[in-house]
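Trainee: Below is the file my_file-v5.cif, which contains mmCIF, C-alpha atoms.
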```cif
data_start
loop_
_atom_site.label_atom_id
_atom_site.label_comp_id
_atom_site.auth_asym_id
_atom_site.auth_seq_id
_atom_site.Cartn_x
_atom_site.Cartn_y
_atom_site.Cartn_z
CA MET A 1 -11.26 9.54 -10.62
CA ASN A 2 -12.21 5.87 -10.78
CA TYR A 3 -13.37 4.07 -7.64
CA VAL A 4 -13.49 0.42 -6.61
CA THR A 5 -16.08 -0.88 -4.19
CA LEU A 6 -14.72 -3.11 -1.44
CA SER A 7 -16.55 -6.20 -0.20
CA ASN A 8 -18.15 -4.20 2.63
CA GLY A 9 -19.45 -1.49 0.28
CA VAL A 10 -16.78 1.14 1.03
CA LYS A 11 -15.66 3.05 -2.06
CA MET A 12 -11.92 3.43 -2.53
CA PRO A 13 -10.20 5.73 -5.07
CA GLN A 14 -8.41 3.48 -7.55
CA LEU A 15 -5.43 5.83 -7.83
CA GLY A 16 -3.74 7.22 -4.75
CA TYR A 17 -0.50 8.73 -3.53
CA GLY A 18 1.99 6.57 -1.62
CA VAL A 19 4.58 7.97 0.79
CA TYR A 20 6.95 5.00 1.09
CA GLN A 21 10.54 6.32 1.05
CA VAL A 22 9.33 9.93 1.32
CA SER A 23 11.46 11.46 4.07
CA LYS A 24 9.99 13.10 7.16
CA GLU A 25 11.50 16.38 5.94
CA GLU A 26 9.68 16.24 2.59
CA CYS A 27 6.54 14.32 3.47
CA GLU A 28 4.30 17.17 4.62
CA ARG A 29 5.05 19.22 1.51
CA CYS A 30 4.62 16.21 -0.79
CA VAL A 31 1.24 15.21 0.64
CA MET A 32 0.01 18.80 0.46
CA ASP A 33 1.14 18.93 -3.18
CA ALA A 34 -0.63 15.65 -3.91
CA LEU A 35 -3.87 16.88 -2.36
CA LYS A 36 -3.50 20.18 -4.21
CA VAL A 37 -3.34 18.51 -7.63
CA GLY A 38 -6.31 16.24 -6.90
CA TYR A 39 -5.30 13.08 -5.05
CA ARG A 40 -7.84 11.96 -2.48
CA HIS A 41 -6.25 8.67 -1.44
CA ILE A 42 -3.11 8.75 0.73
CA ASP A 43 -1.19 5.60 1.72
CA THR A 44 1.29 5.51 4.61
CA ALA A 45 2.46 3.00 7.23
CA GLN A 46 3.82 2.84 10.75
CA SER A 47 7.15 1.60 9.39
CA TYR A 48 7.52 4.62 7.06
CA PHE A 49 7.94 6.87 10.11
CA ASN A 50 5.99 9.72 8.49
CA GLU A 51 2.42 9.32 9.79
CA GLU A 52 2.68 12.57 11.77
CA GLU A 53 3.74 14.48 8.67
CA VAL A 54 0.86 12.96 6.68
CA GLY A 55 -1.56 14.00 9.42
CA SER A 56 -0.20 17.55 9.50
CA ALA A 57 -0.44 17.84 5.71
CA ILE A 58 -4.06 16.72 5.69
CA GLU A 59 -4.90 19.13 8.50
CA LYS A 60 -3.21 22.07 6.75
CA SER A 61 -4.45 21.24 3.24
CA GLY A 62 -7.96 22.58 3.70
CA VAL A 63 -9.39 19.43 2.14
CA PRO A 64 -12.17 18.04 4.37
CA ARG A 65 -11.06 14.84 6.09
CA GLU A 66 -14.15 12.98 4.84
CA GLU A 67 -13.04 13.55 1.25
CA ILE A 68 -9.73 11.73 1.81
CA PHE A 69 -9.29 7.96 1.81
CA LEU A 70 -6.50 7.35 4.32
CA THR A 71 -4.55 4.09 4.67
CA THR A 72 -1.92 3.02 7.16
CA LYS A 73 -0.33 -0.33 7.99
CA VAL A 74 0.54 -2.10 11.25
CA TRP A 75 4.18 -3.14 11.48
CA ILE A 76 5.22 -6.65 12.64
CA GLU A 77 6.72 -5.25 15.84
CA PHE A 78 3.20 -4.36 17.00
CA TYR A 79 1.47 -7.65 16.14
CA GLY A 80 -0.57 -9.44 18.79
CA TYR A 81 -4.01 -8.34 19.93
CA GLU A 82 -3.23 -5.71 22.57
CA GLN A 83 -0.18 -4.29 20.82
CA THR A 84 -2.04 -3.91 17.55
CA ARG A 85 -4.95 -2.09 19.20
CA LYS A 86 -2.55 0.31 20.92
CA SER A 87 -0.56 0.89 17.74
CA VAL A 88 -3.63 1.71 15.65
CA ILE A 89 -4.86 4.19 18.26
CA GLU A 90 -1.38 5.73 18.25
CA SER A 91 -1.50 5.93 14.45
CA MET A 92 -4.81 7.79 14.71
CA ARG A 93 -3.17 10.28 17.06
CA LYS A 94 -0.26 10.81 14.68
CA LEU A 95 -2.59 11.10 11.68
CA LYS A 96 -4.80 13.56 13.60
CA THR A 97 -7.98 11.62 12.89
CA ASN A 98 -10.67 9.77 14.82
CA ASN A 99 -10.94 7.04 12.21
CA ILE A 100 -8.87 5.48 9.45
CA ASP A 101 -10.37 4.39 6.15
CA LEU A 102 -8.16 1.33 5.70
CA VAL A 103 -5.70 -0.43 7.99
CA LEU A 104 -3.53 -3.25 6.68
CA LEU A 105 -1.28 -5.80 8.36
CA HIS A 106 2.02 -4.98 6.68
CA GLN A 107 3.68 -8.42 6.58
CA PRO A 108 2.56 -12.09 6.88
CA PHE A 109 4.83 -12.94 9.82
CA ALA A 110 4.71 -13.32 13.63
CA ASP A 111 1.32 -13.19 15.42
CA TYR A 112 -0.70 -11.88 12.50
CA TYR A 113 -3.77 -13.73 13.78
CA GLY A 114 -3.74 -11.83 17.06
CA ALA A 115 -3.22 -8.62 15.11
CA TRP A 116 -6.08 -9.48 12.78
CA ARG A 117 -8.47 -10.06 15.69
CA ALA A 118 -7.65 -6.57 16.92
CA LEU A 119 -8.40 -5.09 13.48
CA GLU A 120 -11.69 -7.03 13.36
CA ASP A 121 -12.74 -5.51 16.68
CA LEU A 122 -11.63 -1.98 15.74
CA TYR A 123 -13.59 -2.36 12.50
CA ALA A 124 -16.67 -3.55 14.40
CA GLU A 125 -16.33 -0.56 16.73
CA GLY A 126 -16.26 1.85 13.78
CA ALA A 127 -12.71 3.10 14.28
CA ILE A 128 -11.66 1.63 10.92
CA ARG A 129 -13.80 1.64 7.77
CA ALA A 130 -12.04 -1.30 6.09
CA ILE A 131 -9.33 -3.81 6.99
CA GLY A 132 -6.88 -5.80 4.93
CA VAL A 133 -3.39 -7.17 4.55
CA SER A 134 -0.20 -6.52 2.60
CA ASN A 135 2.32 -8.95 1.12
CA PHE A 136 0.15 -12.00 1.84
CA TYR A 137 0.88 -14.70 -0.72
CA PRO A 138 -2.16 -16.76 -1.86
CA ASP A 139 -1.64 -19.52 0.73
CA ARG A 140 -1.49 -17.06 3.65
CA LEU A 141 -4.42 -15.07 2.26
CA VAL A 142 -6.64 -18.15 1.87
CA ASP A 143 -5.66 -19.21 5.39
CA LEU A 144 -6.76 -15.88 6.86
CA CYS A 145 -9.92 -15.72 4.74
CA SER A 146 -10.89 -19.23 5.83
CA PHE A 147 -10.38 -18.90 9.58
CA SER A 148 -11.36 -15.30 10.35
CA ARG A 149 -14.57 -13.67 11.45
CA ILE A 150 -14.09 -10.94 8.82
CA LYS A 151 -12.25 -11.56 5.57
CA PRO A 152 -9.58 -9.09 4.42
CA MET A 153 -11.01 -6.52 2.03
CA VAL A 154 -7.67 -5.54 0.43
CA ASN A 155 -4.32 -7.21 -0.23
CA GLN A 156 -1.52 -4.80 -1.16
CA VAL A 157 1.22 -6.63 -3.04
CA GLU A 158 4.12 -5.86 -5.37
CA THR A 159 2.49 -5.53 -8.81
CA HIS A 160 3.97 -4.11 -12.01
CA PRO A 161 4.66 -5.27 -15.59
CA HIS A 162 7.55 -7.54 -14.53
CA ASN A 163 5.60 -9.11 -11.65
CA GLN A 164 1.95 -9.10 -12.66
CA GLN A 165 0.48 -11.30 -9.89
CA ILE A 166 -1.87 -13.08 -12.31
CA GLU A 167 -2.36 -16.18 -10.15
CA ALA A 168 -2.52 -14.19 -6.91
CA GLN A 169 -5.19 -11.91 -8.37
CA LYS A 170 -7.31 -14.96 -9.27
CA TRP A 171 -7.26 -16.09 -5.63
CA MET A 172 -8.09 -12.58 -4.43
CA GLN A 173 -11.05 -12.44 -6.79
CA LYS A 174 -12.29 -15.80 -5.50
CA TYR A 175 -12.39 -14.43 -1.95
CA ASP A 176 -13.58 -10.94 -2.96
CA VAL A 177 -10.34 -9.29 -1.88
CA GLN A 178 -9.30 -6.12 -3.74
CA ILE A 179 -5.78 -6.23 -5.16
CA GLU A 180 -3.69 -3.09 -4.58
CA ALA A 181 -0.22 -2.50 -6.06
CA TRP A 182 2.79 -1.29 -4.16
CA ALA A 183 5.69 -0.33 -6.44
CA PRO A 184 3.33 -0.03 -9.43
CA PHE A 185 6.34 1.03 -11.52
CA GLY A 186 8.66 -1.57 -9.98
CA GLU A 187 10.74 1.49 -9.01
CA GLY A 188 11.85 1.51 -12.64
CA ARG A 189 13.92 -1.63 -12.18
CA GLY A 190 14.64 -3.65 -15.28
CA GLY A 191 14.31 -0.56 -17.45
CA LEU A 192 10.53 -0.17 -17.15
CA PHE A 193 10.65 3.62 -17.60
CA THR A 194 12.49 3.23 -20.89
CA ASP A 195 11.13 -0.11 -22.12
CA PRO A 196 10.64 0.23 -25.92
CA VAL A 197 7.52 -1.97 -25.96
CA ILE A 198 5.78 0.29 -23.45
CA ALA A 199 7.15 3.40 -25.15
CA GLU A 200 5.65 2.32 -28.48
CA ILE A 201 2.21 2.07 -26.88
CA GLY A 202 2.70 5.44 -25.20
CA LYS A 203 3.63 7.11 -28.46
CA LYS A 204 0.17 6.37 -29.83
CA TYR A 205 -1.52 8.24 -26.96
CA GLY A 206 1.13 10.87 -26.24
CA LYS A 207 1.81 9.28 -22.84
CA THR A 208 4.93 8.33 -20.89
CA ASN A 209 5.88 4.76 -19.96
CA ALA A 210 4.75 5.49 -16.39
CA GLN A 211 1.33 6.63 -17.58
CA VAL A 212 0.90 3.55 -19.78
CA ILE A 213 1.83 1.30 -16.87
CA LEU A 214 -0.71 2.96 -14.58
CA ARG A 215 -3.42 2.76 -17.25
CA TRP A 216 -2.70 -0.94 -17.78
CA GLU A 217 -2.99 -1.58 -14.03
CA LEU A 218 -6.22 0.41 -13.73
CA GLN A 219 -7.76 -1.62 -16.56
CA ARG A 220 -6.85 -4.79 -14.69
CA GLY A 221 -8.92 -3.53 -11.76
CA ILE A 222 -5.86 -2.87 -9.59
CA VAL A 223 -5.65 -0.01 -7.08
CA VAL A 224 -2.37 1.88 -7.53
CA ILE A 225 -0.43 4.22 -5.23
CA PRO A 226 2.47 5.73 -7.21
CA LYS A 227 4.99 7.84 -5.33
CA SER A 228 6.84 10.93 -6.49
CA THR A 229 8.31 13.91 -4.70
CA HIS A 230 7.85 16.13 -7.78
CA ILE A 231 4.50 17.85 -8.27
CA GLU A 232 4.81 17.68 -12.07
CA ARG A 233 5.06 13.90 -11.95
CA MET A 234 2.21 13.73 -9.44
CA GLU A 235 0.11 15.52 -12.04
CA GLN A 236 1.28 13.18 -14.80
CA ASN A 237 0.41 10.14 -12.72
CA LEU A 238 -3.13 11.46 -12.33
CA ASP A 239 -3.44 12.15 -16.06
CA VAL A 240 -4.34 8.59 -17.05
CA PHE A 241 -8.11 8.72 -17.38
CA ASP A 242 -8.34 10.21 -20.87
CA PHE A 243 -7.19 7.14 -22.82
CA LYS A 244 -7.76 3.40 -22.82
CA LEU A 245 -5.51 0.55 -23.94
CA THR A 246 -6.91 -1.84 -26.54
CA ALA A 247 -7.26 -5.56 -25.88
CA GLU A 248 -4.22 -6.12 -28.10
CA GLU A 249 -2.16 -3.60 -26.13
CA MET A 250 -3.20 -5.24 -22.86
CA THR A 251 -1.95 -8.55 -24.29
CA VAL A 252 1.35 -6.93 -25.25
CA MET A 253 1.74 -5.61 -21.71
CA ALA A 254 0.94 -9.07 -20.34
CA SER A 255 3.87 -10.48 -22.33
CA LEU A 256 6.30 -8.48 -20.17
CA ASP A 257 5.59 -10.58 -17.07
CA LYS A 258 8.65 -12.29 -15.57
CA GLY A 259 6.58 -13.93 -12.87
CA GLN A 260 8.91 -13.04 -10.02
CA SER A 261 9.62 -10.24 -7.60
CA SER A 262 11.91 -7.40 -8.60
CA PHE A 263 12.82 -6.99 -4.92
CA PHE A 264 12.64 -10.10 -2.71
CA SER A 265 10.48 -13.12 -1.89
CA HIS A 266 8.54 -13.35 1.35
CA THR A 267 8.86 -17.15 1.14
CA ASP A 268 12.68 -17.02 1.23
CA PRO A 269 13.77 -18.20 4.73
CA ALA A 270 16.73 -15.82 4.67
CA MET A 271 14.37 -12.91 4.02
CA VAL A 272 12.12 -13.99 6.89
CA GLU A 273 15.20 -13.99 9.11
CA TRP A 274 16.00 -10.49 7.91
CA PHE A 275 12.53 -9.23 8.87
CA ALA A 276 12.89 -10.87 12.30
CA LYS A 277 16.26 -9.15 12.76
CA VAL A 278 14.79 -5.74 11.85
CA VAL A 279 11.98 -6.22 14.38
CA GLU A 280 14.43 -7.19 17.11
CA GLU A 281 16.69 -4.23 16.37
CA ARG A 282 13.78 -1.80 16.52
CA LYS A 283 12.62 -3.26 19.83
CA ASN A 284 16.12 -2.86 21.25
CA ASN A 285 16.34 0.72 20.00
CA ARG A 286 13.00 1.56 21.62
CA SER A 287 14.15 0.02 24.90
CA ASN A 288 17.40 1.98 24.81
CA ASP A 289 15.55 5.23 24.04
CA SER A 290 13.15 4.59 26.92
CA ALA A 291 16.05 3.89 29.31
CA LYS A 292 17.75 7.16 28.32
CA LYS A 293 14.56 9.13 28.99
CA ASN A 294 14.23 7.57 32.44
CA TRP A 295 17.89 8.10 33.35
#
```
Re-express the file's structure as structure tokens.
Mentor:
Amino acid sequence: MNYVTLSNGVKMPQLGYGVYQVSKEECERCVMDALKVGYRHIDTAQSYFNEEEVGSAIEKSGVPREEIFLTTKVWIEFYGYEQTRKSVIESMRKLKTNNIDLVLLHQPFADYYGAWRALEDLYAEGAIRAIGVSNFYPDRLVDLCSFSRIKPMVNQVETHPHNQQIEAQKWMQKYDVQIEAWAPFGEGRGGLFTDPVIAEIGKKYGKTNAQVILRWELQRGIVVIPKSTHIERMEQNLDVFDFKLTAEEMTVMASLDKGQSSFFSHTDPAMVEWFAKVVEERKNNRSNDSAKKNW
């Protein structure tokens, strides 16, 4: 396993297992499978609604907690100083741990400054080993780096061959922020799993398109968290340390960049409205659930 060293000296496995879109019913089994085949970096989030299952899997796996690098993310609904503190403590309860290796702010909206102050204090208190953000475009990242007591150590953003984040990575490097990829395969959109250019590279090494993509990202210094619910593919995704792409092959991969998201833009006002609507709906649902319990 390769490791990256964050700006505060914490070592982070460069390849981990992500549980986005892994159902509550499957999550415990999937995380146990991932740990069984050798993953030691697990990435979840409050908004995935599977932190409890991740915690149970880690507890049942037999792998010592200190050997696992565990990440979760604070959802927008819980931004603001006090709410963020409470939500992180609740995440620890669900994850069955007294500390979390990395906590990220999930989106660059609402009171992310109040939320960040809470993460700074939790980090200073030793409850969190590293803090960072997710989906922060360069302008928002530079803003937070410039006006915070502690700079983010990680920025998790959509990164794959069709959206390579070249410019964003330059800004992260300037501020010593580690880039981490969500959707490292772009969920296969745009034919990435069958792309003939990638397949031709893979043929040389006896590797799949997915393995070539992961290798290309690792060589760019990116942390990756591929997701699969199949143990065979989990194993394949780990099997990327026995070959290395040439400079020419890295250039070929670079030519696939479309320079835009395969999903959505966080700078699109309509998308910001959508996030605000989701937050409001979740708040209303929680209020309704609380009223029913008190009835």
Trainee: Which residues would end up in the selection if the PyMOL selection byres ((chain A and resi 87) around 12) were applied here, given that I need the answer as a VMD selection string?
Mentor: chain A and resid 45 to 47 51 72 to 86 88 to 94 103 105 115 118 to 119 122
Trainee: List the neighbours of Pro161 of chain A out to 9 Å using all atoms listed in the file; skip same-chain residues closer than 3 positions along the sequence, and give me the result as a list in words.
Mentor: Gln164, Pro184, Phe185, Gly186, Leu192, Ile213, Trp216, Glu217, Met253, Ala254, Ser255, Leu256, Asp257 and Lys258 of chain A
Trainee: When you draw a straight line from atom CA of Glu125 of chain A to atom CA of Tyr112 of chain A, how long is it in Å?
Mentor: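 About the pair atom CA of Glu125 of chain A and atom CA of Tyr112 of chain A: they are 19.8 Å apart.
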Trainee: Atom CA of Ile166 of chain A and atom CA of Gln21 of chain A are how many Å apart?
Mentor: 26.6 Å
Trainee: Which residues, written as a list in words, have at least one atom at most 12 Å from Leu35 of chain A, with all atoms listed in the file counted and residues fewer than 5 positions away on the same chain left out?
Mentor: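 Those residues are Gly16, Tyr17, Gly18, Glu28, Arg29, Cys30, Arg40, His41, Ile42, Val54, Ala57, Ile58, Glu59, Lys60, Ser61, Gly62, Val63, Pro64, Arg65, Glu67, Ile68, Phe69, Leu70, Ile231, Met234, Glu235 and Leu238 of chain A.
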Trainee: Store the residues picked out above, limited to C-alpha atoms, as a JSON list (two decimals), in the coordinates of the input.
Mentor:
```json
[["chain", "number", "residue", "atom", "x", "y", "z"],
["A", 16, "GLY", "CA", -3.74, 7.22, -4.75],
["A", 17, "TYR", "CA", -0.50, 8.73, -3.53],
["A", 18, "GLY", "CA", 1.99, 6.57, -1.62],
["A", 28, "GLU", "CA", 4.30, 17.17, 4.62],
["A", 29, "ARG", "CA", 5.05, 19.22, 1.51],
["A", 30, "CYS", "CA", 4.62, 16.21, -0.79],
["A", 40, "ARG", "CA", -7.84, 11.96, -2.48],
["A", 41, "HIS", "CA", -6.25, 8.67, -1.44],
["A", 42, "ILE", "CA", -3.11, 8.75, 0.73],
["A", 54, "VAL", "CA", 0.86, 12.96, 6.68],
["A", 57, "ALA", "CA", -0.44, 17.84, 5.71],
["A", 58, "ILE", "CA", -4.06, 16.72, 5.69],
["A", 59, "GLU", "CA", -4.90, 19.13, 8.50],
["A", 60, "LYS", "CA", -3.21, 22.07, 6.75],
["A", 61, "SER", "CA", -4.45, 21.24, 3.24],
["A", 62, "GLY", "CA", -7.96, 22.58, 3.70],
["A", 63, "VAL", "CA", -9.39, 19.43, 2.14],
["A", 64, "PRO", "CA", -12.17, 18.04, 4.37],
["A", 65, "ARG", "CA", -11.06, 14.84, 6.09],
["A", 67, "GLU", "CA", -13.04, 13.55, 1.25],
["A", 68, "ILE", "CA", -9.73, 11.73, 1.81],
["A", 69, "PHE", "CA", -9.29, 7.96, 1.81],
["A", 70, "LEU", "CA", -6.50, 7.35, 4.32],
["A", 231, "ILE", "CA", 4.50, 17.85, -8.27],
["A", 234, "MET", "CA", 2.21, 13.73, -9.44],
["A", 235, "GLU", "CA", 0.11, 15.52, -12.04],
["A", 238, "LEU", "CA", -3.13, 11.46, -12.33]]
```
Trainee: Show me, as a Markdown table, the residues of segment 111-139 of chain A having an atom within 9 Å of segment 261-272 of chain A, each with the closest atom pair and its distance in Å, using all atoms listed in the file.
Mentor:
```
| residue | atom | partner | partner_atom | distance |
| --- | --- | --- | --- | --- |
| A:Asn135 | CA | A:His266 | CA | 7.6 |
| A:Phe136 | CA | A:His266 | CA | 8.5 |
| A:Tyr137 | CA | A:His266 | CA | 8.0 |
```
Trainee: Using all atoms listed in the file, which residues sit within 8 Å of Ile179 of chain A once same-chain residues fewer than 2 positions away are excluded, as a PyMOL selection string?
Mentor: chain A and resi 154-157+169+172+177+181+221-223
Trainee: If I take atom CA of Phe49 of chain A and atom CA of Leu218 of chain A, how far is one from the other in Å, to one decimal?
Mentor: 28.5 Å
Trainee: When distances are computed from only C-alpha atoms, which of A:Met153, A:Ile201, A:Ala127, A:Val142 shows the smallest separation from Gln178 of chain A?
Mentor: A:Met153
Trainee: Excluding Tyr205 of chain A and its own-chain neighbours fewer than 5 positions away, which residues fall within 9 Å of it when counting only C-alpha atoms? Please give them as a ChimeraX atom specification.
Mentor: /A:212,243-244
